[in-house]
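**Student:** Provided below: entry.cif, containing mmCIF, C-alpha atoms.
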```cif
data_upload
#
loop_
_atom_site.group_PDB
_atom_site.id
_atom_site.type_symbol
_atom_site.label_atom_id
_atom_site.label_comp_id
_atom_site.auth_asym_id
_atom_site.auth_seq_id
_atom_site.Cartn_x
_atom_site.Cartn_y
_atom_site.Cartn_z
ATOM 1 C CA MET A 147 -3.155 -25.901 39.794
ATOM 2 C CA THR A 148 -1.872 -22.457 40.559
ATOM 3 C CA SER A 149 -3.102 -19.513 38.544
ATOM 4 C CA THR A 150 0.393 -18.935 37.101
ATOM 5 C CA LEU A 151 0.567 -22.516 35.887
ATOM 6 C CA LYS A 152 -2.898 -22.177 34.335
ATOM 7 C CA LYS A 153 -1.829 -18.998 32.516
ATOM 8 C CA ILE A 154 1.265 -20.718 31.154
ATOM 9 C CA LEU A 155 -0.774 -23.720 30.026
ATOM 10 C CA VAL A 156 -3.384 -21.524 28.296
ATOM 11 C CA SER A 157 -0.664 -19.421 26.637
ATOM 12 C CA SER A 158 1.110 -22.556 25.408
ATOM 13 C CA LEU A 159 -2.096 -23.984 23.976
ATOM 14 C CA ALA A 160 -2.928 -20.701 22.240
ATOM 15 C CA LEU A 161 0.573 -20.459 20.777
ATOM 16 C CA GLY A 162 0.400 -24.069 19.578
ATOM 17 C CA PHE A 163 -2.991 -23.480 17.976
ATOM 18 C CA PHE A 164 -1.722 -20.340 16.215
ATOM 19 C CA ALA A 165 1.360 -22.151 14.877
ATOM 20 C CA ALA A 166 -0.750 -25.076 13.649
ATOM 21 C CA SER A 167 -3.303 -22.821 11.942
ATOM 22 C CA SER A 168 -0.526 -20.817 10.247
ATOM 23 C CA ALA A 169 1.092 -23.983 8.967
ATOM 24 C CA PHE A 170 -2.272 -25.226 7.679
ATOM 25 C CA ALA A 171 -2.964 -21.945 5.879
ATOM 26 C CA ALA A 172 0.481 -22.004 4.284
ATOM 27 C CA GLY A 173 -0.097 -25.512 2.916
ATOM 28 C CA LYS A 174 -3.603 -24.900 1.542
ATOM 29 C CA THR A 175 -4.248 -26.009 -2.012
ATOM 30 C CA TYR A 176 -7.086 -25.146 -4.384
ATOM 31 C CA THR A 177 -8.734 -26.807 -7.364
ATOM 32 C CA GLU A 178 -8.438 -24.851 -10.610
ATOM 33 C CA ASP A 179 -12.017 -23.553 -10.328
ATOM 34 C CA GLU A 180 -11.635 -22.637 -6.632
ATOM 35 C CA PHE A 181 -8.462 -20.720 -7.404
ATOM 36 C CA LEU A 182 -10.000 -18.804 -10.296
ATOM 37 C CA ASP A 183 -13.181 -18.045 -8.324
ATOM 38 C CA ASN A 184 -11.214 -16.816 -5.291
ATOM 39 C CA PHE A 185 -8.489 -14.779 -6.984
ATOM 40 C CA SER A 186 -9.560 -13.521 -10.442
ATOM 41 C CA GLY A 187 -9.713 -9.728 -10.519
ATOM 42 C CA LYS A 188 -8.387 -9.341 -6.966
ATOM 43 C CA THR A 189 -5.715 -6.868 -5.854
ATOM 44 C CA LYS A 190 -2.138 -7.634 -4.853
ATOM 45 C CA LYS A 191 -3.101 -6.929 -1.249
ATOM 46 C CA VAL A 192 -5.786 -9.664 -1.287
ATOM 47 C CA ILE A 193 -3.459 -12.154 -2.994
ATOM 48 C CA THR A 194 -0.684 -11.507 -0.476
ATOM 49 C CA ALA A 195 -3.090 -11.798 2.469
ATOM 50 C CA LYS A 196 -4.427 -15.170 1.294
ATOM 51 C CA LEU A 197 -1.387 -16.760 -0.376
ATOM 52 C CA GLY A 198 1.566 -14.999 1.221
ATOM 53 C CA ALA A 199 4.557 -13.693 -0.659
ATOM 54 C CA PRO A 200 5.288 -15.277 -4.050
ATOM 55 C CA ILE A 201 8.421 -17.334 -4.592
ATOM 56 C CA LYS A 202 9.342 -15.130 -7.559
ATOM 57 C CA LYS A 203 8.257 -11.822 -9.137
ATOM 58 C CA GLU A 204 8.885 -10.490 -12.636
ATOM 59 C CA LEU A 205 8.127 -7.131 -14.242
ATOM 60 C CA SER A 206 7.154 -6.818 -17.879
ATOM 61 C CA VAL A 207 9.313 -4.494 -19.949
ATOM 62 C CA LYS A 208 8.621 -3.002 -23.343
ATOM 63 C CA PRO A 209 11.232 -4.010 -25.940
ATOM 64 C CA THR A 210 13.336 -1.156 -27.303
ATOM 65 C CA ASN A 211 12.132 -1.669 -30.903
ATOM 66 C CA ALA A 212 8.456 -2.341 -30.115
ATOM 67 C CA GLY A 213 7.244 0.418 -32.454
ATOM 68 C CA SER A 214 9.040 -0.993 -35.489
ATOM 69 C CA VAL A 215 7.880 -4.548 -34.791
ATOM 70 C CA THR A 216 4.198 -3.666 -34.341
ATOM 71 C CA GLY A 217 4.175 -0.986 -37.041
ATOM 72 C CA LYS A 218 2.595 1.557 -34.685
ATOM 73 C CA ASN A 219 3.881 4.251 -32.441
ATOM 74 C CA VAL A 220 3.716 2.737 -28.953
ATOM 75 C CA ASP A 221 5.025 5.833 -27.169
ATOM 76 C CA ASP A 222 1.656 7.576 -27.041
ATOM 77 C CA LYS A 223 2.070 10.319 -24.430
ATOM 78 C CA SER A 224 -1.697 10.667 -23.945
ATOM 79 C CA SER A 225 -2.203 7.125 -22.654
ATOM 80 C CA LYS A 226 -1.687 6.088 -19.040
ATOM 81 C CA PRO A 227 1.272 3.839 -18.304
ATOM 82 C CA VAL A 228 0.400 0.193 -17.754
ATOM 83 C CA LYS A 229 2.284 -1.790 -15.140
ATOM 84 C CA VAL A 230 2.405 -5.544 -15.785
ATOM 85 C CA GLU A 231 3.826 -7.839 -13.112
ATOM 86 C CA MET A 232 3.901 -11.627 -12.792
ATOM 87 C CA TRP A 233 3.963 -13.494 -9.475
ATOM 88 C CA TYR A 234 4.797 -17.188 -9.166
ATOM 89 C CA TYR A 235 3.670 -19.736 -6.567
ATOM 90 C CA LYS A 236 4.608 -23.421 -6.306
ATOM 91 C CA GLY A 237 2.269 -26.338 -5.578
ATOM 92 C CA ILE A 238 -0.917 -24.468 -4.621
ATOM 93 C CA VAL A 239 -3.351 -25.618 -7.356
ATOM 94 C CA ARG A 240 -4.492 -29.256 -7.696
ATOM 95 C CA TYR A 241 -5.338 -30.866 -11.020
ATOM 96 C CA ASP A 242 -6.465 -34.115 -9.401
ATOM 97 C CA SER A 243 -6.924 -35.426 -5.870
ATOM 98 C CA LYS A 244 -3.216 -36.156 -5.293
ATOM 99 C CA ARG A 245 -1.176 -33.911 -7.603
ATOM 100 C CA THR A 246 -0.622 -30.180 -7.918
ATOM 101 C CA TYR A 247 0.700 -28.038 -10.736
ATOM 102 C CA LYS A 248 4.385 -27.283 -10.237
ATOM 103 C CA GLU A 249 3.854 -23.570 -10.753
ATOM 104 C CA THR A 250 1.027 -21.039 -10.825
ATOM 105 C CA GLU A 251 1.585 -17.693 -12.549
ATOM 106 C CA ILE A 252 -0.586 -14.724 -11.610
ATOM 107 C CA THR A 253 -0.366 -11.737 -13.962
ATOM 108 C CA PHE A 254 -1.287 -8.321 -12.572
ATOM 109 C CA VAL A 255 -2.143 -5.348 -14.754
ATOM 110 C CA ASN A 256 -2.102 -2.139 -12.715
ATOM 111 C CA ASP A 257 -2.168 -4.182 -9.469
ATOM 112 C CA ARG A 258 -5.215 -6.344 -10.337
ATOM 113 C CA VAL A 259 -5.206 -10.004 -11.391
ATOM 114 C CA MET A 260 -5.829 -10.180 -15.129
ATOM 115 C CA ASN A 261 -4.525 -13.650 -15.978
ATOM 116 C CA VAL A 262 -3.799 -16.930 -14.206
ATOM 117 C CA ALA A 263 -1.808 -19.812 -15.703
ATOM 118 C CA PHE A 264 -0.915 -23.260 -14.353
ATOM 119 C CA PHE A 265 2.300 -25.027 -15.455
ATOM 120 C CA ASN A 266 3.997 -28.378 -15.034
ATOM 121 C CA ASN A 267 6.744 -27.888 -17.617
ATOM 122 C CA ARG A 268 8.880 -25.115 -16.116
#
```
So, in terms of C-alpha cells, how does the structure I just supplied come out?

**Tutor:**
Amino acid sequence: MTSTLKKILVSSLALGFFAASSAFAAGKTYTEDEFLDNFSGKTKKVITAKLGAPIKKELSVKPTNAGSVTGKNVDDKSSKPVKVEMWYYKGIVRYDSKRTYKETEITFVNDRVMNVAFFNNR
C-alpha cells in the first residue's frame, strides 16, 4: 500500500468511528436513578454537553395579578430576580428495560437544575 492510500484509509476509519460514537452518544438512555444522579444540580452548560440541545424550551413568567392572588406584594425590589426555565427531551429516560418515558422535563432556576420530571401523558 502506498502512504497516501494508508492515510486515506486511516482518515476514513477515524471519521467512521467519530460518526458512530456521536450517534451512540445521541441515543444514550438512562434509568431514572442514573439520570437524577448525573444531572441534579448541574448547570445548563453540563446538561447541553451531555444531552445536547433540548427539543423545546419554555420560560416561566409571573402572572400580571400575582400579588392579588397570593395576598402578598411580589414586586419586592430588594430581592434578586429569579429566572426559571424548562427544557424538554424525548425518550432519554427508561422506566423498564424496553420502554422510555415520552418526555423528560428539566427545570432550571438561575441556570441550575432544580427539578426533573418524567412524563408519558403529554

**Student:** Would you write out, as an MDAnalysis selection string, every residue that the PyMOL selection byres ((chain A and resi 251) around 10) captures in this file?

**Tutor:** chainID A and resid 200 202:203 232:236 249:250 252:254 261:265

**Student:** Which residue is closest to Asn184 (chain A)? Choose from A:Val207, A:Pro227, A:Val239, A:Asn267 and count all atoms listed in the file.

**Tutor:**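 That would be A:Val239, the residue with the smallest distance to Asn184 (chain A).
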
**Student:** In Å, with one decimal, what is the gap from CA of Thr177 (chain A) to CA of Lys229 (chain A)?

**Tutor:**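 Between these atoms lies a distance of 28.4 Å.
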
**Student:** Go through the shown structure with the PyMOL selection byres ((chain A and resi 243) around 12) and write out the matching residues as a PyMOL selection string.

**Tutor:** chain A and resi 175-178+239-242+244-247

**Student:** A:Leu197, A:Val228, A:Val192, A:Ile238: which is nearest Val255 (chain A), counting all atoms listed in the file?

**Tutor:** A:Val228

**Student:** Just how far from CA of Ile193 (chain A) is CA of Gly173 (chain A), in Å to one decimal?

**Tutor:**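 CA of Ile193 (chain A) lies at a distance of 15.0 Å from CA of Gly173 (chain A).
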
**Student:** Just how far from CA of Thr189 (chain A) is CA of Leu205 (chain A), in Å to one decimal?

**Tutor:**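 Between CA of Leu205 (chain A) and CA of Thr189 (chain A) the gap is 16.2 Å.
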
**Student:** Which residue gives the smallest distance to Lys174 (chain A) among A:Ala195, A:Gly237, A:Glu204, A:Lys190, with all atoms listed in the file counted?

**Tutor:** A:Gly237

**Student:** Return the single residue from A:Gly187, A:Glu180, A:Thr194, A:Ala199 that is closest to Asn256 (chain A), with distances computed using all atoms listed in the file.

**Tutor:**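 When distances to Asn256 (chain A) are compared using all atoms listed in the file, the smallest one comes from A:Gly187.
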